[in-house]
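Chemist: Here you go, one structure.
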Amino acid sequence: MHTKRFVTLAAAAAAVAVALSACSNDNPQAEHDMGSMTTSAAATPSPSTPAGGGTQAQAHNDADISFAQGMIPHHQQAIEMTDMLLAKQDIDPRVVSLANQIKADQGPEIQQLQAWLAEWGVATTSPGSGMPGMPGHDMGDMSGGGGMMSEQDMAALRDAQGVEASRLFLTQMIEHHQGAIEMSQTEVDSGQFAPAIELARKISASQQQEIDAMQQLLGSL
């Protein structure tokens, strides 16, 4: 009896051992499979990762730089011409009003152009304080000199008086504005920086209106 009971217990123990062995063989494989899936999922890039920065909005090219660097001294000379005229006596009030408008428009535009160049890390052109007749050859890299007045032109305006001064100012400023319009059109055609292109369009439109007004004034003086 004892021997028979021992054999029965041994057989039962063996059966349990076999079952445990089978379970232990299955579970590691299942854990291995889950581990592989976890590793694979971790290696997959997240689709929400941003693809690039926001620098495109500030993109600019050489045409934008040339426009800013060229228009700064161009506007500065125009302001000097208005200052010369406004310092004189017996100037037609309509011409005085136009000169004041030109100065008011172009001063802030100079500051905007300088700010863009600073933002781009590009040197601005020389402010040319006083600029007694910004030499025309300083604008030599621009087509047609940009309508800049020569030293002789500036000297003639400085010396003129009365009606002669009004006429000379209008004649010179018409040419000056035409140069600015050409420079602005180049920026519109070739520039990349949207705010500079917008400013170029504004300059072109406003200065064409001023040219029309100056031509009418010339005919009435």
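Labels used: A, B, ... for chains in the order of the structure tokens, numbers from 1 for residues in each chain, and numbers from 1 for ligands as shown.
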Can you pull out every residue within 7 Å of His176 (chain A), counting only C-alpha atoms, but drop anything in the same chain fewer than 3 positions away, and send it as a VMD selection string?

Modeler: chain A and resid 147 to 148 172 to 173 179 to 180

Chemist: Excluding Ala99 (chain A) and residues on its chain fewer than 4 positions from it, collect all residues at most 7 Å away from it, counting only C-alpha atoms, and give them as a VMD selection string.

Modeler: chain A and resid 82 95 103

Chemist: Nearest to Ile181 (chain A): which of A:Ala165, A:Ala63, A:Ala68, A:Ala200 is it, counting only C-alpha atoms?

Modeler: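 Result for the nearest residue to Ile181 (chain A): A:Ala200.
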
Chemist: Just want the 12 Å neighbourhood of Glu182 (chain A), counted on only C-alpha atoms, with same-chain residues fewer than 5 positions away dropped. Output as a ChimeraX atom specification.

Modeler: /A:67,70-71,142-147,175-177,187-189,200-201,203-205,207-208

Chemist: When you draw a straight line from CA of Gln112 (chain A) to CA of Leu85 (chain A), how long is it in Å?

Modeler: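 Taking CA of Gln112 (chain A) as the start and CA of Leu85 (chain A) as the end point, the length is 25.1 Å.
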
Chemist: Find the residue from A:Ala59, A:Ala213, A:Val163, A:Ile79 that sits nearest to Leu98 (chain A); use only C-alpha atoms when measuring.

Modeler: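 Residue with the minimum atom-to-atom distance to Leu98 (chain A): A:Ala213.
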